[in-house]
Amino acid sequence: MKAIVVTDQAAGTAGMTLVERPEPPAAINDVIVEVHASGFVPTEMAWPSTWTDRRDRDRTPSIPGHELAGVVTALGYGTTGLSVGQRVFGLADWHRDGTLAEYVAVEARNLAPLPGDVDFTVGASLPISGLTAWQGLFEHGRLQAGQSVLVHGAAGAVGTMVTQLAREFGAYVIGTGRAADRQKTLDFGAQEFVDLENDALEDVGGVDLVFDVIGGDIQERSARLVRPGGTLVSIVGPPEARPTDGLAVDFVVEADRAELREVVQRVRDGRLRTNIGNVATLDDAVAALNPTERNKGKTIISVRP
């Protein structure tokens, strides 16, 4: 099968190459999925799991990409809940070969059915962004109607999901970003926008929940805005800053079939829009994942156009 592999951590995405690899076998509780579309998160190149296994042994050349949408072609021993020929989407394991390939082996529990009226490209854009937003807001942030949410990177793949879900659940959303992100942030549902380069973040006042995808100085300043009893949720590593009288939570997104169903149902009924900026073929994936200018949305690799 064709696959994108990486071998040199220092080279990052520039070290990606398109090669021929053996098709993966199905272990116990696995399914083999014929990949139709794959998502990719650029920060994967910094994740230890891209380069080593759970025992810290080198596992290169490794296949990156962890979001997928495709069709089940084989079941491992003991696999239940899915069937051959079924359309699915979900998350591949962090420590195993990923989804920038024509086939991938995935634990069945990490996948959910993909309804026939949802395009594979859309399905592949949902798992990391959608689950990160869902888990950050509701499991870790304990969002309630009427609360205020400060969403950093609000025009990005995760930020647009956070904004839409928070609005649906009755929150007041303040999005941040660069000046060029203002209209997109508002179009996805934010009620206010803060230009982090030109506006004073502190003018926001107190908020109940901060959803941070930036870290550093922005995180430290944001922590001071959290009201008593509020929460700072981070996906960029353990928070260095903590609210005076609130919680600081760092988490890594986890596959969850029930939550994947929640997310895709909202796409089907129009409550949730995806944020896809570019779609490229697997043959063109290396160039697409090494853009010469800033991406305006998520890049999806269409493995089977």
# chains A, B, ... in the order shown; residues from 1 in each chain; ligands from 1
>>> residues_around(residues="stretch 81-91 of chain A", least_positions_apart="3", cutoff="8 Å", atoms="only C-alpha atoms", output="PDB file with C-alpha atoms, in the first residue's frame")
ATOM      1  CA  HIS A  66      -4.591   9.718  13.463  1.00  0.00           C
ATOM      2  CA  GLU A  67      -7.954  10.858  12.108  1.00  0.00           C
ATOM      3  CA  LEU A  68      -9.686   8.763   9.503  1.00  0.00           C
ATOM      4  CA  ALA A  69     -12.845   8.040   7.625  1.00  0.00           C
ATOM      5  CA  GLY A  70     -13.177   4.913   5.530  1.00  0.00           C
ATOM      6  CA  VAL A  71     -14.637   1.440   5.131  1.00  0.00           C
ATOM      7  CA  VAL A  72     -14.002  -1.654   7.264  1.00  0.00           C
ATOM      8  CA  THR A  73     -12.389  -4.410   5.167  1.00  0.00           C
ATOM      9  CA  ALA A  74     -11.411  -6.996   7.811  1.00  0.00           C
ATOM     10  CA  LEU A  75     -12.042  -7.880  11.453  1.00  0.00           C
ATOM     11  CA  VAL A 106      -7.436   0.403  14.466  1.00  0.00           C
ATOM     12  CA  ALA A 108     -12.724  -1.173  16.951  1.00  0.00           C
ATOM     13  CA  ASN A 110     -11.941   3.866  18.672  1.00  0.00           C
ATOM     14  CA  LEU A 111     -14.338   4.065  15.725  1.00  0.00           C
ATOM     15  CA  ALA A 112     -17.965   5.059  15.212  1.00  0.00           C
ATOM     16  CA  PRO A 113     -20.304   4.489  12.259  1.00  0.00           C
ATOM     17  CA  LEU A 114     -20.128   7.242   9.637  1.00  0.00           C
ATOM     18  CA  PRO A 115     -23.627   7.968   8.299  1.00  0.00           C
ATOM     19  CA  GLY A 116     -24.024   7.612   4.550  1.00  0.00           C
ATOM     20  CA  GLY A 123     -15.750  12.615   8.605  1.00  0.00           C
ATOM     21  CA  ALA A 124     -11.947  12.734   8.699  1.00  0.00           C
ATOM     22  CA  PRO A 127     -12.358  13.254  15.414  1.00  0.00           C
ATOM     23  CA  ILE A 128      -9.546  15.291  17.001  1.00  0.00           C
ATOM     24  CA  ALA A 255     -11.416   8.245  21.378  1.00  0.00           C
ATOM     25  CA  ARG A 257     -17.678   6.278  20.219  1.00  0.00           C
ATOM     26  CA  LEU A 260     -18.180  10.776  17.981  1.00  0.00           C
TER      27      LEU A 260
END
>>> select_by_dssp(residues="stretch 7-177 of chain A", states="alpha helix (DSSP H)", output="ChimeraX atom specification")
/A:120-125,127-134,157-168
>>> residues_around(residues="stretch 240-249 of chain A", least_positions_apart="5", cutoff="7 Å", atoms="only C-alpha atoms", output="number ranges by chain")
A: 140, 219-220, 223-224, 226, 228-234
>>> closest_residue(among="A:Tyr103, A:Glu262, A:His95, A:Ala26", to="A:Asp56", atoms="only C-alpha atoms")
A:His95
>>> residues_around(residues="stretch 20-24 of chain A", least_positions_apart="6", cutoff="10 Å", atoms="only C-alpha atoms", output="CSV table (one decimal) with N, CA, C and O atoms, in the first residue's frame")
chain,number,residue,atom,x,y,z
A,1,MET,N,0.8,-1.2,0.0
A,1,MET,CA,0.0,0.0,0.0
A,1,MET,C,0.9,1.2,0.0
A,1,MET,O,2.0,1.2,0.4
A,2,LYS,N,0.3,2.4,-0.5
A,2,LYS,CA,1.0,3.6,-0.4
A,2,LYS,C,0.8,4.2,1.0
A,2,LYS,O,-0.3,4.1,1.6
A,3,ALA,N,1.9,4.9,1.5
A,3,ALA,CA,1.8,5.5,2.8
A,3,ALA,C,2.8,6.6,2.9
A,3,ALA,O,3.8,6.6,2.3
A,4,ILE,N,2.5,7.6,3.8
A,4,ILE,CA,3.5,8.6,4.1
A,4,ILE,C,4.2,8.1,5.4
A,4,ILE,O,3.6,7.7,6.4
A,5,VAL,N,5.5,8.2,5.4
A,5,VAL,CA,6.3,7.9,6.6
A,5,VAL,C,7.2,9.0,7.0
A,5,VAL,O,7.6,9.9,6.2
A,32,ILE,N,-9.4,-3.6,10.2
A,32,ILE,CA,-8.7,-3.0,9.1
A,32,ILE,C,-9.6,-2.0,8.4
A,32,ILE,O,-10.7,-2.4,8.0
A,33,VAL,N,-9.2,-0.8,8.2
A,33,VAL,CA,-10.0,0.2,7.5
A,33,VAL,C,-9.3,0.6,6.2
A,33,VAL,O,-8.1,1.0,6.2
A,63,ILE,N,4.1,5.8,10.4
A,63,ILE,CA,3.1,6.5,9.5
A,63,ILE,C,2.3,7.5,10.4
A,63,ILE,O,1.7,7.0,11.3
A,97,ASP,N,1.0,2.8,13.8
A,97,ASP,CA,1.0,3.5,12.5
A,97,ASP,C,-0.3,4.1,12.2
A,97,ASP,O,-1.4,3.5,12.6
A,101,ALA,N,-2.3,6.7,4.9
A,101,ALA,CA,-2.0,5.4,4.2
A,101,ALA,C,-3.3,4.9,3.6
A,101,ALA,O,-4.4,5.3,4.0
A,102,GLU,N,-3.1,3.9,2.7
A,102,GLU,CA,-4.3,3.4,2.1
A,102,GLU,C,-5.1,2.4,3.0
A,102,GLU,O,-6.3,2.2,2.9
A,103,TYR,N,-4.4,1.8,4.0
A,103,TYR,CA,-5.1,1.0,5.0
A,103,TYR,C,-4.5,1.3,6.4
A,103,TYR,O,-3.3,1.6,6.5
A,104,VAL,N,-5.3,1.1,7.4
A,104,VAL,CA,-4.8,1.2,8.8
A,104,VAL,C,-5.5,0.2,9.7
A,104,VAL,O,-6.7,-0.1,9.5
A,105,ALA,N,-4.8,-0.3,10.7
A,105,ALA,CA,-5.3,-1.2,11.7
A,105,ALA,C,-5.7,-0.3,12.9
A,105,ALA,O,-4.9,0.4,13.4
A,106,VAL,N,-6.9,-0.4,13.4
A,106,VAL,CA,-7.4,0.4,14.5
A,106,VAL,C,-8.2,-0.5,15.4
A,106,VAL,O,-9.0,-1.4,15.0
>>> atom_distance(atom1="atom CA of A:Glu254", atom2="atom CA of A:Leu131")
7.4 Å
>>> decode(residues="stretch 41-83 of chain A", atoms="C-alpha atoms", output="PDB file, in the first residue's frame")
ATOM      1  CA  VAL A  41      -2.306  17.624  13.185  1.00  0.00           C
ATOM      2  CA  PRO A  42       1.071  19.371  12.624  1.00  0.00           C
ATOM      3  CA  THR A  43       1.995  19.050  16.309  1.00  0.00           C
ATOM      4  CA  GLU A  44       2.192  15.259  15.810  1.00  0.00           C
ATOM      5  CA  MET A  45       5.801  15.779  14.781  1.00  0.00           C
ATOM      6  CA  ALA A  46       6.563  16.793  18.384  1.00  0.00           C
ATOM      7  CA  TRP A  47       4.661  13.930  20.034  1.00  0.00           C
ATOM      8  CA  PRO A  48       6.909  11.208  21.523  1.00  0.00           C
ATOM      9  CA  SER A  49       4.386   8.591  20.347  1.00  0.00           C
ATOM     10  CA  THR A  50       5.164   9.443  16.708  1.00  0.00           C
ATOM     11  CA  TRP A  51       8.720   8.223  17.193  1.00  0.00           C
ATOM     12  CA  THR A  52       8.702   5.594  19.966  1.00  0.00           C
ATOM     13  CA  ASP A  53       6.415   2.853  21.221  1.00  0.00           C
ATOM     14  CA  ARG A  54       4.994   2.539  24.740  1.00  0.00           C
ATOM     15  CA  ARG A  55       8.292   1.042  25.937  1.00  0.00           C
ATOM     16  CA  ASP A  56      10.209   4.006  24.510  1.00  0.00           C
ATOM     17  CA  ARG A  57      11.695   1.935  21.673  1.00  0.00           C
ATOM     18  CA  ASP A  58      12.258   3.533  18.283  1.00  0.00           C
ATOM     19  CA  ARG A  59       9.414   2.685  15.911  1.00  0.00           C
ATOM     20  CA  THR A  60      10.451   4.594  12.786  1.00  0.00           C
ATOM     21  CA  PRO A  61       9.740   4.658   9.921  1.00  0.00           C
ATOM     22  CA  SER A  62       6.310   5.477  11.311  1.00  0.00           C
ATOM     23  CA  ILE A  63       3.124   6.501   9.518  1.00  0.00           C
ATOM     24  CA  PRO A  64       1.641   9.706  10.982  1.00  0.00           C
ATOM     25  CA  GLY A  65      -1.990  10.849  10.942  1.00  0.00           C
ATOM     26  CA  HIS A  66      -4.591   9.718  13.463  1.00  0.00           C
ATOM     27  CA  GLU A  67      -7.954  10.858  12.108  1.00  0.00           C
ATOM     28  CA  LEU A  68      -9.686   8.763   9.503  1.00  0.00           C
ATOM     29  CA  ALA A  69     -12.845   8.040   7.625  1.00  0.00           C
ATOM     30  CA  GLY A  70     -13.177   4.913   5.530  1.00  0.00           C
ATOM     31  CA  VAL A  71     -14.637   1.440   5.131  1.00  0.00           C
ATOM     32  CA  VAL A  72     -14.002  -1.654   7.264  1.00  0.00           C
ATOM     33  CA  THR A  73     -12.389  -4.410   5.167  1.00  0.00           C
ATOM     34  CA  ALA A  74     -11.411  -6.996   7.811  1.00  0.00           C
ATOM     35  CA  LEU A  75     -12.042  -7.880  11.453  1.00  0.00           C
ATOM     36  CA  GLY A  76      -9.487  -9.157  13.943  1.00  0.00           C
ATOM     37  CA  TYR A  77     -10.187 -12.070  16.268  1.00  0.00           C
ATOM     38  CA  GLY A  78     -12.810 -11.183  18.858  1.00  0.00           C
ATOM     39  CA  THR A  79     -13.786  -7.895  17.236  1.00  0.00           C
ATOM     40  CA  THR A  80     -17.419  -6.936  17.810  1.00  0.00           C
ATOM     41  CA  GLY A  81     -19.599  -3.901  17.184  1.00  0.00           C
ATOM     42  CA  LEU A  82     -18.519  -3.255  13.588  1.00  0.00           C
ATOM     43  CA  SER A  83     -18.872  -5.200  10.347  1.00  0.00           C
TER      44      SER A  83
END
